[in-house]
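Comments concern the structure below.
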Amino acid sequence: MAKSKYEYVKKFERNDSLLPNTWLVIRVDGRGFHKFSDKHGFVKPNDQKALELMNKCAENVMNDFHDIVLAYGQSDEYSFVLKKECSLYDRRETKIVSTTVSLFTSNYVFNWNKYFPDKELLYPPSFDGRVVQYPDDNNLRDYLSWRQTDCHINNLYNTCFWALVHSGKTETEAENVLRGTVSSEKNELLYSQFNINYNKLPEMYRKGSVIIRQEAEINTINQKGIDVTRKKNIVTVSHEDIIRDEFWKKNNSKLGLKF
Ligand code: DGT
Ligand code: MG
Ligand code: MG
Ligand code: MG
Ligand code: MG
């Protein structure tokens with residue numbers, strides 16, 4: 001086809017190819033979820049259903065984008081790790097980030113009613129997205145450790161904060177009690193004042209959610225109508241510790257890592 005005289009406008013597009021042979025980490029994060037969680041009456045500090053909805057969105061993103069080898073989520077955020085050799089959209093940054101964010105967001109809205117059948121979605125939620133490139137395996141692992149540590153620090157603080165508030169303290173008083181305290185003091189406060197053993201709280205709250213593909217045996221019917229068992233990689237959510245070696249030793253070969 002002959003080119004139109006308008007064709008030249010394409011030359012204004014920027015080349016935004018990401019570096020080859022680097023891990024790509026896309027992080028999506030709820031926009032203004034402080035307000036969103038308040039308006040929708042999320043349980044404080046952790047709303048089981050809201051977190052399960054986030055996990056569902058991430059599972060569906062992974063089922064659509066096969067280059068994602070691992071996802072980690074906590075609070076209103078999810079990180080997706082794309083394998084080094086990923087050639088999705090010729091590694092064009094805006095394509096990769098924008099499709100991930102929009103697929104995550106549409107899933108959030110699409111699945112809302114399944115998780116909150118009695119709660120109307122009051123306004124359309126949105127998520128932001130970014131991509132970070134990690135050439136080095138250790139940096140990738142440290143990135144994931146950073147997010148899981150963030151989950152732990154925030155959850156310990158928030159658990160104390162809301163226990164204090166629910167016991168009658170004002171938010172300012174609760175902040176004053178917690179100011180300058182270290183982890184062990186927060187654990188002690190929960191135990192002595194509220195009889196809460198922090199380590200017994202649900203793992204999803206303390207550690208966030210990790211999604212990888214696990215081999216599973218699936219029973220299906222083949223084209224001849226015969227029952228057969230097939231091995232299939234299924235995206236699986238767990239709440240494991242991804243800071244310690246154990247997780248990596250177990251999953252290294254699957255993920256193409258060597259820790
Ligand atoms: P942003 O990301 O800069 O647009 O602003 P926010 O408001 O989304 O702030 P962010 O992402 O730093 O913090 C997440 C907020 O979402 C935080 O205020 C707590 C809230 N949130 C996340 N998960 C839950 C939950 O399960 N229950 C409740 N009540 N709140 C949650
Ligand atoms: Mg923020
Ligand atoms: Mg947010
Ligand atoms: Mg956040
Ligand atoms: Mg098109």
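Residue numbering restarts at 1 for every chain of the structure tokens, chains are lettered A, B, ... in their displayed order, and ligands are numbered from 1 as they appear.
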Can you pull out every residue with an atom within 10 Å of ligand 1? Use only C-alpha atoms and all ligand atoms and format it as a short mmCIF file (atom, residue, chain, number, x, y, z; two decimals) with C-alpha atoms, in the first residue's frame.
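Heads up, here's the output in out_12.cif:
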data_model
loop_
_atom_site.label_atom_id
_atom_site.label_comp_id
_atom_site.auth_asym_id
_atom_site.auth_seq_id
_atom_site.Cartn_x
_atom_site.Cartn_y
_atom_site.Cartn_z
CA VAL A 28 1.59 -2.06 39.80
CA ASP A 29 0.24 -0.11 42.77
CA GLY A 30 -3.27 1.03 43.59
CA ARG A 31 -3.75 4.75 43.05
CA GLY A 32 -5.08 6.45 46.16
CA PHE A 33 -5.92 3.17 47.87
CA HIS A 34 -5.81 4.82 51.26
CA LYS A 35 -9.06 6.50 50.25
CA PHE A 36 -10.29 3.53 48.19
CA SER A 37 -9.96 1.10 51.12
CA ASP A 38 -11.72 3.55 53.45
CA LYS A 39 -14.60 4.24 51.07
CA HIS A 40 -15.12 0.52 50.53
CA GLY A 41 -14.89 -0.33 54.22
CA PHE A 42 -11.89 -2.66 53.99
CA VAL A 43 -11.08 -4.38 57.27
CA LYS A 44 -8.08 -2.75 58.97
CA PRO A 45 -5.22 -3.48 58.80
CA ASN A 46 -5.83 -6.45 56.46
CA ASP A 47 -8.89 -7.24 54.43
CA GLN A 48 -8.78 -10.93 53.50
CA LYS A 49 -11.09 -10.53 50.50
CA ALA A 50 -9.35 -7.45 49.15
CA LEU A 51 -6.02 -9.30 49.25
CA GLU A 52 -7.56 -12.38 47.62
CA MET A 54 -5.42 -8.75 44.26
CA GLN A 74 1.22 -7.19 49.36
CA SER A 75 -1.12 -4.35 50.32
CA ASP A 76 -2.27 -2.60 47.12
CA GLU A 77 0.74 -3.61 45.02
CA SER A 126 -6.90 2.68 38.97
CA PHE A 127 -3.33 1.44 39.31
CA ASP A 128 0.00 2.95 38.36
CA ASN A 154 4.14 -2.20 57.66
CA ASN A 155 2.04 -5.12 58.84
CA ASN A 158 -0.38 -1.53 61.39
CA TRP A 162 -5.17 -0.79 64.93
CA TYR A 205 -0.79 -10.74 56.15
#
Residue contacts of Glu217 (chain A) (9 Å, only C-alpha atoms) excluding same-chain residues fewer than 2 positions away, as a VMD selection string
chain A and resid 215 219 229 to 233
Requested write-out: C-alpha atoms of the selected residues, as an mmCIF file, in the first residue's frame:
data_model
loop_
_atom_site.group_PDB
_atom_site.id
_atom_site.type_symbol
_atom_site.label_atom_id
_atom_site.label_comp_id
_atom_site.auth_asym_id
_atom_site.auth_seq_id
_atom_site.Cartn_x
_atom_site.Cartn_y
_atom_site.Cartn_z
ATOM 1 C CA GLU A 215 3.639 -28.634 37.890
ATOM 2 C CA ASN A 219 -7.348 -35.038 34.536
ATOM 3 C CA THR A 229 -3.756 -37.411 33.086
ATOM 4 C CA ARG A 230 -1.600 -34.561 31.845
ATOM 5 C CA LYS A 231 1.128 -32.603 33.552
ATOM 6 C CA LYS A 232 0.455 -28.893 33.445
ATOM 7 C CA ASN A 233 2.046 -25.821 34.958
#
Within region 83-237 of chain A, find each residue whose DSSP state, derived from the backbone, is strand (DSSP E), and express the selection as an MDAnalysis selection string.
chainID A and resid 127:134 209:221 227:237
If we count only C-alpha atoms and set the cut-off at 10 Å, which residues sit around Asp241 (chain A), ignoring sequence neighbours fewer than 4 positions away in its own chain? Please answer as a ChimeraX atom specification.
/A:145,148-149,203,206-210,245-248
Writer output for current selection, C-alpha atoms, as a JSON list (two decimals), in the first residue's frame:
[["chain", "number", "residue", "atom", "x", "y", "z"],
["A", 145, "SER", "CA", 13.39, -9.21, 49.74],
["A", 148, "GLN", "CA", 8.64, -8.64, 51.56],
["A", 149, "THR", "CA", 10.48, -6.75, 54.30],
["A", 203, "GLU", "CA", 0.88, -15.80, 56.67],
["A", 206, "ARG", "CA", 2.75, -11.19, 57.47],
["A", 207, "LYS", "CA", 4.53, -12.36, 54.31],
["A", 208, "GLY", "CA", 2.39, -11.26, 51.36],
["A", 209, "SER", "CA", 1.68, -13.56, 48.41],
["A", 210, "VAL", "CA", 4.05, -15.30, 46.03],
["A", 245, "ASP", "CA", 17.51, -19.45, 50.90],
["A", 246, "GLU", "CA", 14.99, -22.25, 51.23],
["A", 247, "PHE", "CA", 12.48, -20.88, 48.72],
["A", 248, "TRP", "CA", 15.19, -20.30, 46.12]]
Identify all residues of region 50-175 of chain A in alpha helix (DSSP H) (DSSP on the backbone) and supply them as a PyMOL selection string.
chain A and resi 50-64+93-115+137-166+171-175
Would you mind exporting the chosen residues as a compact mmCIF listing (two decimals), in the first residue's frame, restricted to C-alpha atoms?
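Written out: again-v8.txt:
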# COMPACT_ATOMS: atom_id res chain seq x y z
CA ALA A 50 -9.35 -7.45 49.15
CA LEU A 51 -6.02 -9.30 49.25
CA GLU A 52 -7.56 -12.38 47.62
CA LEU A 53 -8.93 -10.15 44.84
CA MET A 54 -5.42 -8.75 44.26
CA ASN A 55 -4.10 -12.33 44.07
CA LYS A 56 -6.78 -13.27 41.55
CA CYS A 57 -5.85 -10.31 39.32
CA ALA A 58 -2.19 -11.31 39.47
CA GLU A 59 -2.98 -14.96 38.65
CA ASN A 60 -4.93 -13.85 35.60
CA VAL A 61 -2.13 -11.55 34.48
CA MET A 62 0.29 -14.50 34.78
CA ASN A 63 -2.04 -16.73 32.82
CA ASP A 64 -2.07 -14.19 30.02
CA GLU A 93 8.53 -0.46 27.83
CA THR A 94 5.27 1.40 27.35
CA LYS A 95 3.60 -1.58 25.68
CA ILE A 96 4.66 -3.98 28.44
CA VAL A 97 3.77 -1.70 31.35
CA SER A 98 0.54 -0.35 29.95
CA THR A 99 -0.91 -3.74 29.03
CA THR A 100 0.04 -5.22 32.39
CA VAL A 101 -1.54 -2.34 34.29
CA SER A 102 -4.71 -2.31 32.24
CA LEU A 103 -5.13 -6.08 32.42
CA PHE A 104 -4.63 -5.98 36.20
CA THR A 105 -7.10 -3.12 36.59
CA SER A 106 -9.79 -4.61 34.37
CA ASN A 107 -9.48 -7.85 36.32
CA TYR A 108 -9.93 -5.95 39.57
CA VAL A 109 -13.20 -4.50 38.34
CA PHE A 110 -14.29 -7.68 36.52
CA ASN A 111 -13.81 -9.85 39.63
CA TRP A 112 -14.91 -7.35 42.28
CA ASN A 113 -18.37 -8.88 42.72
CA LYS A 114 -17.01 -12.38 43.19
CA TYR A 115 -15.06 -11.20 46.24
CA ASP A 137 20.27 -12.11 39.78
CA ASN A 138 21.25 -10.93 43.26
CA ASN A 139 19.71 -7.52 42.67
CA LEU A 140 16.48 -9.20 41.59
CA ARG A 141 16.44 -11.27 44.76
CA ASP A 142 17.19 -8.19 46.88
CA TYR A 143 14.32 -6.38 45.16
CA LEU A 144 11.91 -9.13 46.22
CA SER A 145 13.39 -9.21 49.74
CA TRP A 146 12.86 -5.44 49.91
CA ARG A 147 9.15 -5.79 49.08
CA GLN A 148 8.64 -8.64 51.56
CA THR A 149 10.48 -6.75 54.30
CA ASP A 150 8.29 -3.74 53.56
CA CYS A 151 5.24 -5.98 53.99
CA HIS A 152 6.52 -7.22 57.35
CA ILE A 153 7.44 -3.77 58.71
CA ASN A 154 4.14 -2.20 57.66
CA ASN A 155 2.04 -5.12 58.84
CA LEU A 156 3.67 -5.26 62.28
CA TYR A 157 3.19 -1.51 62.69
CA ASN A 158 -0.38 -1.53 61.39
CA THR A 159 -1.35 -4.51 63.54
CA CYS A 160 -0.16 -2.63 66.65
CA PHE A 161 -1.69 0.63 65.51
CA TRP A 162 -5.17 -0.79 64.93
CA ALA A 163 -5.07 -2.92 68.09
CA LEU A 164 -4.39 0.27 70.06
CA VAL A 165 -7.10 2.22 68.23
CA HIS A 166 -9.65 -0.56 68.62
CA GLU A 171 -4.96 7.62 66.27
CA THR A 172 -2.56 10.29 67.58
CA GLU A 173 -2.17 8.44 70.91
CA ALA A 174 -1.49 5.18 69.06
CA GLU A 175 1.17 6.91 66.93
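Nearest to ligand 2 of all the residues A:Lys3, A:Lys258, A:Arg14, A:Arg27 is A:Arg27, counting only C-alpha atoms and all ligand atoms.
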Between CA of Leu190 (chain A) and CA of His239 (chain A), what is the distance in Å, rounded to a tenth?
22.1 Å
Can you pull out every residue within 8 Å of Glu85 (chain A), counting only C-alpha atoms, but drop anything in the same chain fewer than 3 positions away, and send it as a compact mmCIF listing (two decimals) with C-alpha atoms, in the first residue's frame?
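And here is the file that came out, result-v7.txt:
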# COMPACT_ATOMS: atom_id res chain seq x y z
CA PRO A 20 18.28 -7.09 26.49
CA ASN A 21 19.11 -9.94 28.87
CA THR A 22 17.90 -8.23 32.06
Go through A:Ile218, A:Ala2, A:Leu70, A:Ser183 and flag the residue nearest Ser238 (chain A), using only C-alpha atoms for the distances.
A:Leu70
For ligand 4, which residue out of A:Ile68, A:Tyr198, A:Ser79, A:Pro124 is the nearest one, using only C-alpha atoms and all ligand atoms?
A:Ser79
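Proximity ranking of A:Ile243, A:Tyr72, A:Lys11, A:Tyr78 relative to ligand 4 places A:Tyr78 first, based on only C-alpha atoms and all ligand atoms.
When CA of Asn199 (chain A) is paired with CA of Asn187 (chain A), their separation reads 8.8 Å.
Straight-line separation from CA of Lys200 (chain A) to CA of Ser184 (chain A): 15.2 Å.
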